$ cat target_34.tsv   # TSV, C-alpha atoms
chain	number	residue	atom	x	y	z
A	320	MET	CA	107.10	92.33	88.88
A	321	LYS	CA	105.25	90.18	86.38
A	322	ALA	CA	107.11	87.18	84.95
A	323	CYS	CA	107.42	88.56	81.44
A	324	ILE	CA	109.77	90.51	79.18
A	325	LEU	CA	108.00	92.63	76.58
A	326	GLY	CA	108.81	94.73	73.53
A	327	CYS	CA	107.40	98.00	72.27
A	328	GLY	CA	106.13	99.09	68.89
A	329	GLY	CA	108.52	101.80	67.73
A	330	PRO	CA	111.30	104.27	68.52
A	331	VAL	CA	109.25	106.13	71.16
A	332	LEU	CA	106.62	104.96	73.61
A	333	THR	CA	103.00	105.74	72.91
A	334	LEU	CA	100.72	106.95	75.68
A	335	ARG	CA	98.94	103.59	75.65
A	336	GLU	CA	102.23	101.71	75.99
A	337	ARG	CA	103.29	103.90	78.91
A	338	ALA	CA	100.03	103.31	80.72
A	339	PHE	CA	100.13	99.58	80.04
A	340	PHE	CA	103.70	99.10	81.26
A	341	ARG	CA	102.97	101.06	84.44
A	342	GLU	CA	100.04	98.81	85.21
A	343	ALA	CA	101.52	95.49	84.05
A	344	ASP	CA	104.97	95.99	85.61
A	345	PRO	CA	106.88	93.53	83.38
A	346	TYR	CA	110.20	92.26	84.69
A	347	GLY	CA	112.08	93.65	81.69
A	348	PHE	CA	112.02	94.79	78.07
A	349	ILE	CA	113.51	93.71	74.74
A	350	LEU	CA	114.49	95.86	71.76
A	351	PHE	CA	114.46	95.23	68.00
A	352	GLU	CA	115.45	97.15	64.86
A	353	ARG	CA	112.14	98.98	64.89
A	354	ASN	CA	113.18	100.54	68.21
A	355	CYS	CA	116.79	101.42	67.38
A	356	HIS	CA	117.11	104.44	65.09
A	357	ALA	CA	119.78	106.70	66.57
A	358	PRO	CA	121.96	106.86	69.72
A	359	ASP	CA	120.12	109.70	71.48
A	360	GLN	CA	116.72	108.31	70.55
A	361	LEU	CA	117.61	104.83	71.79
A	362	ARG	CA	119.04	106.02	75.10
A	363	ALA	CA	115.87	108.06	75.69
A	364	LEU	CA	113.68	105.04	74.88
A	365	VAL	CA	115.59	102.81	77.30
A	366	ALA	CA	115.24	105.43	80.04
A	367	ASP	CA	111.52	105.82	79.31
A	368	LEU	CA	110.95	102.06	79.51
A	369	ARG	CA	112.57	101.92	82.91
A	370	GLU	CA	110.66	104.98	84.08
A	371	THR	CA	107.34	103.27	83.39
A	372	VAL	CA	108.09	100.57	85.96
A	373	GLY	CA	109.95	102.81	88.39
A	374	ARG	CA	113.16	100.76	88.59
A	375	ARG	CA	116.22	99.81	86.61
A	376	ALA	CA	114.52	96.99	84.71
A	377	PRO	CA	116.73	94.75	82.55
A	378	VAL	CA	116.72	95.81	78.90
A	379	LEU	CA	117.63	93.05	76.46
A	380	VAL	CA	118.70	92.99	72.82
A	381	ASP	CA	119.92	90.36	70.34
A	382	GLN	CA	123.32	91.68	69.27
A	383	GLU	CA	125.04	88.58	67.94
A	384	GLY	CA	126.63	90.08	64.84
A	385	GLY	CA	126.04	88.79	61.32
A	386	ARG	CA	122.36	88.34	60.45
A	387	VAL	CA	121.15	89.04	63.98
A	388	GLN	CA	122.21	92.53	64.96
A	389	ARG	CA	119.48	94.90	66.16
A	390	LEU	CA	121.80	97.91	66.40
A	391	GLY	CA	123.25	98.02	62.91
A	392	PRO	CA	124.74	100.16	60.15
A	393	PRO	CA	124.87	102.93	59.21
A	394	VAL	CA	124.50	104.14	62.82
A	395	TRP	CA	126.31	101.32	64.59
A	396	ARG	CA	129.16	99.00	63.57
A	397	ARG	CA	128.60	95.88	61.51
A	398	TYR	CA	129.93	92.79	63.27
A	399	PRO	CA	130.86	89.43	61.74
A	400	PRO	CA	128.77	86.31	62.35
A	401	ALA	CA	129.88	83.90	65.05
A	402	GLY	CA	130.72	81.30	62.41
A	403	LEU	CA	133.66	83.39	61.23
A	404	PHE	CA	135.51	82.77	64.50
A	405	GLY	CA	135.07	79.03	64.07
A	406	ILE	CA	136.54	79.28	60.59
A	407	LEU	CA	139.46	81.32	61.92
A	408	MET	CA	140.21	78.54	64.39
A	409	GLU	CA	141.29	76.44	61.41
A	410	GLU	CA	144.11	78.94	60.89
A	411	SER	CA	145.02	79.88	64.46
A	412	VAL	CA	143.20	79.01	67.67
A	413	PRO	CA	144.89	81.77	69.73
A	414	VAL	CA	144.05	84.48	67.19
A	415	ALA	CA	140.44	83.29	66.81
A	416	VAL	CA	140.00	83.24	70.58
A	417	GLU	CA	141.47	86.72	70.96
A	418	LEU	CA	139.31	88.14	68.17
A	419	ALA	CA	136.15	86.60	69.63
A	420	GLY	CA	136.80	88.16	73.02
A	421	LEU	CA	137.72	91.56	71.61
A	422	THR	CA	134.64	91.61	69.37
A	423	ALA	CA	132.33	90.82	72.29
A	424	ARG	CA	134.06	93.53	74.31
A	425	LEU	CA	133.43	96.08	71.55
A	426	ILE	CA	129.78	95.02	71.28
A	427	ALA	CA	129.41	95.50	75.04
A	428	ASN	CA	130.81	99.00	74.67
A	429	ASP	CA	128.22	99.81	71.99
A	430	LEU	CA	125.40	98.58	74.23
A	431	ARG	CA	126.41	100.02	77.56
A	432	ASN	CA	128.13	103.32	76.85
A	433	GLY	CA	125.46	104.69	74.57
A	434	PRO	CA	121.96	103.29	74.98
A	435	ASP	CA	122.54	101.79	78.46
A	436	ILE	CA	121.41	98.29	77.46
A	437	ASP	CA	122.53	95.78	80.06
A	438	VAL	CA	121.63	92.31	78.70
A	439	ASN	CA	122.68	90.77	75.38
A	440	CYS	CA	120.90	87.62	74.20
A	441	ALA	CA	124.16	86.03	73.09
A	442	PRO	CA	126.22	83.95	72.65
A	443	VAL	CA	124.52	81.31	70.52
A	444	LEU	CA	125.84	77.99	71.84
A	445	ASP	CA	124.03	75.81	69.30
A	446	LEU	CA	126.08	73.60	67.01
A	447	ARG	CA	126.27	74.18	63.28
A	448	VAL	CA	124.95	70.95	61.77
A	449	ASP	CA	125.23	70.01	58.10
A	450	GLY	CA	121.83	69.53	56.46
A	451	ALA	CA	119.93	71.48	59.12
A	452	HIS	CA	117.83	74.56	58.42
A	453	GLY	CA	119.80	77.77	57.95
A	454	ILE	CA	118.03	79.56	60.82
A	455	ILE	CA	121.11	78.81	62.93
A	456	GLY	CA	123.81	78.37	60.29
A	457	ASP	CA	126.63	80.87	60.74
A	458	ARG	CA	125.06	82.16	63.94
A	459	ALA	CA	126.80	79.13	65.49
A	460	PHE	CA	130.53	79.29	66.17
A	461	SER	CA	131.23	75.78	64.93
A	462	GLY	CA	129.94	72.26	64.50
A	463	GLU	CA	132.28	70.97	67.22
A	464	ALA	CA	131.14	71.21	70.82
A	465	ASP	CA	134.55	72.00	72.29
A	466	ARG	CA	135.11	74.87	69.87
A	467	VAL	CA	131.65	76.30	70.50
A	468	ALA	CA	132.29	76.14	74.23
A	469	LEU	CA	135.70	77.81	73.95
A	470	LEU	CA	134.52	80.66	71.70
A	471	GLY	CA	131.30	81.07	73.66
A	472	THR	CA	133.29	81.44	76.86
A	473	CYS	CA	135.43	84.14	75.20
A	474	TRP	CA	132.27	86.00	74.23
A	475	ILE	CA	130.87	85.76	77.73
A	476	LYS	CA	134.07	87.14	79.23
A	477	GLY	CA	134.14	90.00	76.70
A	478	LEU	CA	130.54	90.98	77.33
A	479	LYS	CA	130.98	90.84	81.10
A	480	ALA	CA	134.16	92.92	80.96
A	481	GLY	CA	132.15	95.59	79.17
A	482	GLY	CA	129.35	95.56	81.75
A	483	VAL	CA	126.78	93.46	79.87
A	484	VAL	CA	125.03	90.28	81.05
A	485	PRO	CA	125.19	87.46	78.47
A	486	VAL	CA	122.31	85.04	77.82
A	487	MET	CA	123.09	81.52	76.55
A	488	LYS	CA	120.80	80.34	73.79
A	489	HIS	CA	118.99	78.26	72.54
A	490	LEU	CA	118.76	75.67	75.31
A	491	PRO	CA	119.25	72.76	75.04
A	492	GLY	CA	120.46	73.01	71.40
A	493	HIS	CA	118.79	74.29	68.22
A	494	GLY	CA	121.44	73.24	65.72
A	495	ARG	CA	119.73	70.11	64.35
A	496	ALA	CA	116.42	71.83	63.59
A	497	ARG	CA	115.25	71.23	60.02
A	498	CYS	CA	112.78	74.10	59.99
A	499	ASP	CA	112.60	77.67	61.24
A	500	SER	CA	110.98	77.77	64.67
A	501	HIS	CA	109.63	81.23	63.84
A	502	LEU	CA	107.36	79.44	61.35
A	503	SER	CA	106.82	75.89	62.63
A	504	LEU	CA	107.93	73.49	65.35
A	505	PRO	CA	111.26	71.73	64.67
A	506	VAL	CA	111.13	68.01	65.45
A	507	ILE	CA	114.46	66.44	66.40
A	508	ASP	CA	114.59	62.64	66.34
A	509	THR	CA	118.27	62.24	67.22
A	510	PRO	CA	118.70	59.73	70.10
A	511	ALA	CA	119.22	61.34	73.49
A	512	GLU	CA	122.46	59.38	73.95
A	513	GLU	CA	124.00	61.27	71.03
A	514	LEU	CA	122.62	64.67	72.03
A	515	VAL	CA	123.96	64.39	75.58
A	516	TYR	CA	127.55	64.17	74.37
A	517	ASP	CA	127.20	66.67	71.56
A	518	ASP	CA	124.49	69.36	71.33
A	519	PHE	CA	123.76	69.56	75.07
A	520	MET	CA	127.42	69.44	76.03
A	521	THR	CA	128.22	73.00	74.89
A	522	PHE	CA	125.74	74.44	77.39
A	523	ARG	CA	126.93	72.10	80.14
A	524	MET	CA	130.58	73.09	79.61
A	525	VAL	CA	129.97	76.84	79.37
A	526	GLY	CA	127.42	76.95	82.17
A	527	GLY	CA	129.78	75.04	84.42
A	528	GLN	CA	132.44	77.71	83.95
A	529	HIS	CA	130.01	80.57	84.44
A	530	PRO	CA	127.42	79.58	87.07
A	531	GLY	CA	124.40	81.82	87.39
A	532	LEU	CA	124.26	82.84	83.74
A	533	PRO	CA	120.74	83.25	82.35
A	534	GLY	CA	119.61	81.06	79.47
A	535	MET	CA	116.94	81.10	76.77
A	536	THR	CA	114.95	78.07	75.67
A	537	GLY	CA	114.47	76.93	72.10
A	538	HIS	CA	111.04	75.96	70.79
A	539	LEU	CA	112.03	72.38	69.86
A	540	LEU	CA	110.47	68.93	70.12
A	541	PHE	CA	112.92	66.19	71.13
A	542	THR	CA	111.02	63.00	70.40
A	543	GLY	CA	113.49	60.79	72.26
A	544	ILE	CA	113.04	62.69	75.53
A	545	ASP	CA	109.58	64.27	75.56
A	546	PRO	CA	107.63	63.36	72.41
A	547	HIS	CA	104.60	65.41	73.44
A	548	LEU	CA	105.77	68.87	74.49
A	549	PRO	CA	108.31	71.33	73.06
A	550	VAL	CA	111.15	72.37	75.34
A	551	THR	CA	109.60	75.68	76.40
A	552	LEU	CA	106.47	73.92	77.65
A	553	SER	CA	108.01	70.68	78.95
A	554	PRO	CA	108.52	70.31	82.73
A	555	MET	CA	110.63	67.22	82.05
A	556	LEU	CA	113.04	68.99	79.71
A	557	LEU	CA	113.24	72.19	81.73
A	558	GLU	CA	113.79	70.53	85.09
A	559	GLN	CA	115.60	67.28	84.34
A	560	LEU	CA	117.66	68.33	81.32
A	561	ILE	CA	118.22	72.09	81.52
A	562	ARG	CA	118.24	72.53	85.30
A	563	GLY	CA	119.51	69.01	85.96
A	564	TYR	CA	121.99	67.63	83.41
A	565	ILE	CA	123.05	70.96	81.88
A	566	GLY	CA	123.05	72.57	85.32
A	567	LEU	CA	121.54	75.98	84.57
A	568	THR	CA	121.15	77.89	87.84
A	569	GLY	CA	120.39	81.33	86.42
A	570	LEU	CA	117.19	82.89	85.11
A	571	LEU	CA	115.48	80.80	82.43
A	572	ILE	CA	113.77	82.89	79.74
A	573	SER	CA	111.46	81.44	77.12
A	574	ASP	CA	112.13	82.15	73.47
A	575	ASP	CA	109.61	84.51	71.87
A	576	LEU	CA	106.13	83.16	72.54
A	577	SER	CA	104.73	84.74	69.40
A	578	MET	CA	106.79	82.39	67.20
A	579	GLN	CA	104.67	79.92	65.30
A	580	ALA	CA	106.47	76.87	66.68
A	581	LEU	CA	103.98	77.06	69.54
A	582	GLU	CA	100.25	76.57	69.17
A	583	GLY	CA	97.21	78.02	70.92
A	584	PRO	CA	96.35	81.44	72.32
A	585	LEU	CA	99.26	83.50	73.58
A	586	ALA	CA	97.84	83.57	77.08
A	587	ASP	CA	97.86	79.76	77.17
A	588	ARG	CA	101.43	79.63	75.84
A	589	ALA	CA	102.66	82.12	78.44
A	590	ALA	CA	100.93	80.40	81.35
A	591	ALA	CA	102.14	76.97	80.22
A	592	ALA	CA	105.73	78.15	79.86
A	593	CYS	CA	105.75	79.50	83.41
A	594	ARG	CA	104.08	76.40	84.81
A	595	ALA	CA	106.64	74.20	83.05
A	596	GLY	CA	109.58	75.97	84.65
A	597	CYS	CA	110.45	79.05	82.60
A	598	ASP	CA	111.07	81.87	85.05
A	599	VAL	CA	110.08	84.57	82.58
A	600	ALA	CA	107.96	84.54	79.40
A	601	LEU	CA	109.33	86.51	76.45
A	602	HIS	CA	107.10	88.33	73.96
A	603	CYS	CA	108.82	90.33	71.25
A	604	ASN	CA	106.61	91.79	68.51
A	605	GLY	CA	105.41	94.84	70.46
A	606	ARG	CA	101.71	94.37	69.63
A	607	LEU	CA	99.87	95.86	72.56
A	608	GLU	CA	96.87	93.54	72.56
A	609	GLU	CA	99.13	90.49	72.58
A	610	MET	CA	101.30	91.92	75.36
A	611	GLU	CA	98.22	92.56	77.45
A	612	SER	CA	97.23	88.92	77.03
A	613	VAL	CA	100.68	87.67	78.05
A	614	ALA	CA	100.91	89.99	81.07
A	615	ASP	CA	97.50	88.86	82.31
A	616	ALA	CA	98.46	85.19	81.98
A	617	VAL	CA	101.82	85.10	83.75
A	618	PRO	CA	102.27	85.13	87.53
A	619	VAL	CA	103.96	87.72	89.68
A	620	LEU	CA	107.57	86.66	90.17
A	621	ALA	CA	107.96	84.73	93.41
A	622	ASP	CA	110.07	82.13	95.20
A	623	ALA	CA	113.03	80.71	93.23
A	624	ALA	CA	112.06	82.56	90.04
A	625	LEU	CA	112.09	85.86	91.91
A	626	GLU	CA	115.45	85.05	93.47
A	627	ARG	CA	116.95	84.36	90.04
A	628	ALA	CA	115.36	87.50	88.59
A	629	VAL	CA	116.77	89.65	91.38
A	630	ALA	CA	120.16	87.96	91.02
A	631	LEU	CA	120.30	88.89	87.33
A	632	MET	CA	119.53	92.52	88.20
A	633	ALA	CA	122.26	92.46	90.84
A	634	ASP	CA	124.73	90.95	88.38
A	635	ALA	CA	123.83	93.63	85.81
A	636	GLU	CA	124.46	96.36	88.36
A	637	ALA	CA	127.76	94.84	89.48
A	638	LEU	CA	128.95	94.47	85.89
A	639	ARG	CA	127.83	98.00	85.06
A	640	THR	CA	129.68	99.59	87.96
A	641	GLY	CA	132.74	97.39	87.56
A	642	ALA	CA	133.04	97.59	83.77
A	643	GLU	CA	136.53	98.26	82.48
A	644	GLN	CA	136.92	101.60	80.77
A	645	VAL	CA	138.20	101.09	77.27
A	646	ASP	CA	139.56	103.28	74.52
A	647	VAL	CA	137.49	102.23	71.51
A	648	ARG	CA	140.21	103.18	69.06
A	649	GLU	CA	142.71	101.12	71.02
A	650	LEU	CA	140.30	98.18	71.00
A	651	GLU	CA	139.84	98.48	67.24
A	652	GLU	CA	143.61	98.59	66.81
A	653	LYS	CA	143.94	95.38	68.84
A	654	ILE	CA	141.40	93.72	66.56
A	655	ALA	CA	143.30	94.92	63.48
A	656	ALA	CA	146.56	93.61	64.99
A	657	SER	CA	144.96	90.21	65.60
A	658	VAL	CA	143.84	90.07	61.97
A	659	ARG	CA	147.39	90.90	60.86
A	660	ASN	CA	148.70	88.13	63.10
A	661	LEU	CA	146.29	85.74	61.43
A	662	HIS	CA	147.68	86.68	58.01
A	663	ASP	CA	151.16	85.92	59.32
A	664	VAL	CA	150.25	82.43	60.51
$ encode --input "target_34.tsv" --output "structure tokens"
Amino acid sequence: MKACILGCGGPVLTLRERAFFREADPYGFILFERNCHAPDQLRALVADLRETVGRRAPVLVDQEGGRVQRLGPPVWRRYPPAGLFGILMEESVPVAVELAGLTARLIANDLRNGPDIDVNCAPVLDLRVDGAHGIIGDRAFSGEADRVALLGTCWIKGLKAGGVVPVMKHLPGHGRARCDSHLSLPVIDTPAEELVYDDFMTFRMVGGQHPGLPGMTGHLLFTGIDPHLPVTLSPMLLEQLIRGYIGLTGLLISDDLSMQALEGPLADRAAAACRAGCDVALHCNGRLEEMESVADAVPVLADAALERAVALMADAEALRTGAEQVDVRELEEKIAASVRNLHDV
């Protein structure tokens, strides 16, 4: 297995894509709106992706709710942004916590019981910071670390109960970014002493409660820690901060390498990310020529990275086989009851 996760161009695989995936053998795949048109189509695409590599490869999606929801209306449900649950905490912490968990459980049902997607790139554990760029905004649960950690933990439990592996993002904290990392590199000048007890703390608290969870890096430059390299390419930040202080023991996935926060040829970005300590390089846009470049540049999974990759696959299988069966209507009624309870507070 090559140390990469790749996308595809549309709702069905082309002959060239099939041939490429068979040869490249990427660790896993990621889906976007362009791939998700209808339930039967999506389930067939997921099965075809796995068939190309001859195993049950992890299939990822970003299904956060709000602005970032790859399976969306009118075919799939519309979910609220994470920030709503933080707002609800102002009214009732127990109701907000219950609603967060039930919502994640319903999302897991959408992913597993139809298309057979087994990894959700959520929850977002970044803080919502006043004055920062809106790229995070209401994708964050709250601006307070303890509330983010509490609601994030509820989401993780809900996803797991439904048979889906969660991915914490964006390590070690994207909330202070003043630009969109899809377009340019955010530079964060906040002193490390402040970040350690604030932005980084959400990941440390959640990861400590759920050891082995995978995480995704953010393309961010922290001038007070490594003024030369963004997180995804920084051995210091990946090893000392993310693996060390935060304590991530699960698979570490880069954010999308095609984002413009990173410079240089894609092959160089992919190789540098893996050398720095990312276990797997992520490439999302589905452009075949770019995927070929990434696949050629990354190593075959080996040693600790291979162990973590295999562990994620084992966790996905265990969650899939042990997932609680749920009556969707009953789950929706529980959510409605929680909302009514909120109105009564």
$ atom_distance --input "target_34.tsv" --atom1 "atom CA of Tyr346 of chain A" --atom2 "atom CA of Pro442 of chain A"
21.7 Å
$ closest_residue --input "target_34.tsv" --among "A:Gly391, A:Pro434, A:Gly605, A:Pro505" --to "Gln360 of chain A" --atoms "all atoms listed in the file"
A:Pro434
$ closest_residue --input "target_34.tsv" --among "A:Arg606, A:Arg447, A:Arg337, A:Arg396" --to "Arg495 of chain A" --atoms "all atoms listed in the file"
A:Arg447
$ closest_residue --input "target_34.tsv" --among "A:Pro345, A:Pro510, A:Pro485, A:Pro530" --to "Ala427 of chain A" --atoms "all atoms listed in the file"
A:Pro485
$ residues_around --input "target_34.tsv" --residues "segment 521-523 of chain A" --least-positions-apart "3" --cutoff "12 Å" --atoms "all atoms listed in the file" --output "mmCIF file with C-alpha atoms, keeping the file's coordinate frame"
data_model
loop_
_atom_site.group_PDB
_atom_site.id
_atom_site.type_symbol
_atom_site.label_atom_id
_atom_site.label_comp_id
_atom_site.auth_asym_id
_atom_site.auth_seq_id
_atom_site.Cartn_x
_atom_site.Cartn_y
_atom_site.Cartn_z
ATOM 1 C CA PRO A 442 126.220 83.950 72.650
ATOM 2 C CA VAL A 443 124.520 81.310 70.520
ATOM 3 C CA LEU A 444 125.840 77.990 71.840
ATOM 4 C CA ASP A 445 124.030 75.810 69.300
ATOM 5 C CA LEU A 446 126.080 73.600 67.010
ATOM 6 C CA ARG A 447 126.270 74.180 63.280
ATOM 7 C CA ALA A 459 126.800 79.130 65.490
ATOM 8 C CA PHE A 460 130.530 79.290 66.170
ATOM 9 C CA SER A 461 131.230 75.780 64.930
ATOM 10 C CA GLY A 462 129.940 72.260 64.500
ATOM 11 C CA GLU A 463 132.280 70.970 67.220
ATOM 12 C CA ALA A 464 131.140 71.210 70.820
ATOM 13 C CA ASP A 465 134.550 72.000 72.290
ATOM 14 C CA ARG A 466 135.110 74.870 69.870
ATOM 15 C CA VAL A 467 131.650 76.300 70.500
ATOM 16 C CA ALA A 468 132.290 76.140 74.230
ATOM 17 C CA LEU A 469 135.700 77.810 73.950
ATOM 18 C CA LEU A 470 134.520 80.660 71.700
ATOM 19 C CA GLY A 471 131.300 81.070 73.660
ATOM 20 C CA THR A 472 133.290 81.440 76.860
ATOM 21 C CA VAL A 486 122.310 85.040 77.820
ATOM 22 C CA MET A 487 123.090 81.520 76.550
ATOM 23 C CA LYS A 488 120.800 80.340 73.790
ATOM 24 C CA HIS A 489 118.990 78.260 72.540
ATOM 25 C CA LEU A 490 118.760 75.670 75.310
ATOM 26 C CA PRO A 491 119.250 72.760 75.040
ATOM 27 C CA GLY A 492 120.460 73.010 71.400
ATOM 28 C CA HIS A 493 118.790 74.290 68.220
ATOM 29 C CA GLY A 494 121.440 73.240 65.720
ATOM 30 C CA LEU A 514 122.620 64.670 72.030
ATOM 31 C CA VAL A 515 123.960 64.390 75.580
ATOM 32 C CA TYR A 516 127.550 64.170 74.370
ATOM 33 C CA ASP A 517 127.200 66.670 71.560
ATOM 34 C CA ASP A 518 124.490 69.360 71.330
ATOM 35 C CA GLY A 526 127.420 76.950 82.170
ATOM 36 C CA GLY A 527 129.780 75.040 84.420
ATOM 37 C CA GLN A 528 132.440 77.710 83.950
ATOM 38 C CA HIS A 529 130.010 80.570 84.440
ATOM 39 C CA PRO A 530 127.420 79.580 87.070
ATOM 40 C CA LEU A 532 124.260 82.840 83.740
ATOM 41 C CA PRO A 533 120.740 83.250 82.350
ATOM 42 C CA GLY A 534 119.610 81.060 79.470
ATOM 43 C CA MET A 535 116.940 81.100 76.770
ATOM 44 C CA THR A 536 114.950 78.070 75.670
ATOM 45 C CA LEU A 560 117.660 68.330 81.320
ATOM 46 C CA ILE A 561 118.220 72.090 81.520
ATOM 47 C CA ARG A 562 118.240 72.530 85.300
ATOM 48 C CA GLY A 563 119.510 69.010 85.960
ATOM 49 C CA TYR A 564 121.990 67.630 83.410
ATOM 50 C CA ILE A 565 123.050 70.960 81.880
ATOM 51 C CA GLY A 566 123.050 72.570 85.320
ATOM 52 C CA LEU A 567 121.540 75.980 84.570
ATOM 53 C CA THR A 568 121.150 77.890 87.840
#
$ atom_distance --input "target_34.tsv" --atom1 "atom CA of Ser500 of chain A" --atom2 "atom CA of Val387 of chain A"
15.2 Å
$ residues_around --input "target_34.tsv" --residues "Met578 of chain A" --least-positions-apart "2" --cutoff "7 Å" --atoms "all atoms listed in the file" --output "PDB file with C-alpha atoms, in the coordinates of the input"
ATOM      1  CA  SER A 500     110.980  77.770  64.670  1.00  0.00           C
ATOM      2  CA  HIS A 501     109.630  81.230  63.840  1.00  0.00           C
ATOM      3  CA  LEU A 502     107.360  79.440  61.350  1.00  0.00           C
ATOM      4  CA  ASP A 575     109.610  84.510  71.870  1.00  0.00           C
ATOM      5  CA  LEU A 576     106.130  83.160  72.540  1.00  0.00           C
ATOM      6  CA  ALA A 580     106.470  76.870  66.680  1.00  0.00           C
ATOM      7  CA  LEU A 581     103.980  77.060  69.540  1.00  0.00           C
TER       8      LEU A 581
END
$ residues_around --input "target_34.tsv" --residues "segment 624-641 of chain A" --least-positions-apart "6" --cutoff "10 Å" --atoms "all atoms listed in the file" --output "ChimeraX atom specification"
/A:320-322,346-347,375-377,431-432,435-438,478-485,531-533,568-571,593,596-599
$ closest_residue --input "target_34.tsv" --among "A:Val412, A:Ile426, A:Ile507, A:Leu364" --to "Gly384 of chain A" --atoms "all atoms listed in the file"
A:Ile426
$ residues_around --input "target_34.tsv" --residues "Asp359 of chain A" --least-positions-apart "2" --cutoff "12 Å" --atoms "all atoms listed in the file" --output "PyMOL selection string"
chain A and resi 330-331+354-357+361-366+394+432-435
$ atom_distance --input "target_34.tsv" --atom1 "atom CA of Thr371 of chain A" --atom2 "atom CA of Val619 of chain A"
17.1 Å
$ residues_around --input "target_34.tsv" --residues "Ala338 of chain A" --least-positions-apart "6" --cutoff "12 Å" --atoms "only C-alpha atoms" --output "list in words"
Leu332, Asp344, Asp367, Leu368, Glu370, Thr371, Val372, Leu607 and Glu611 of chain A
$ closest_residue --input "target_34.tsv" --among "A:Ile406, A:Ile475, A:Val617, A:Leu552" --to "His602 of chain A" --atoms "only C-alpha atoms"
A:Val617
$ closest_residue --input "target_34.tsv" --among "A:Val448, A:Ala419, A:Ile349, A:Ile324" --to "Lys653 of chain A" --atoms "all atoms listed in the file"
A:Ala419
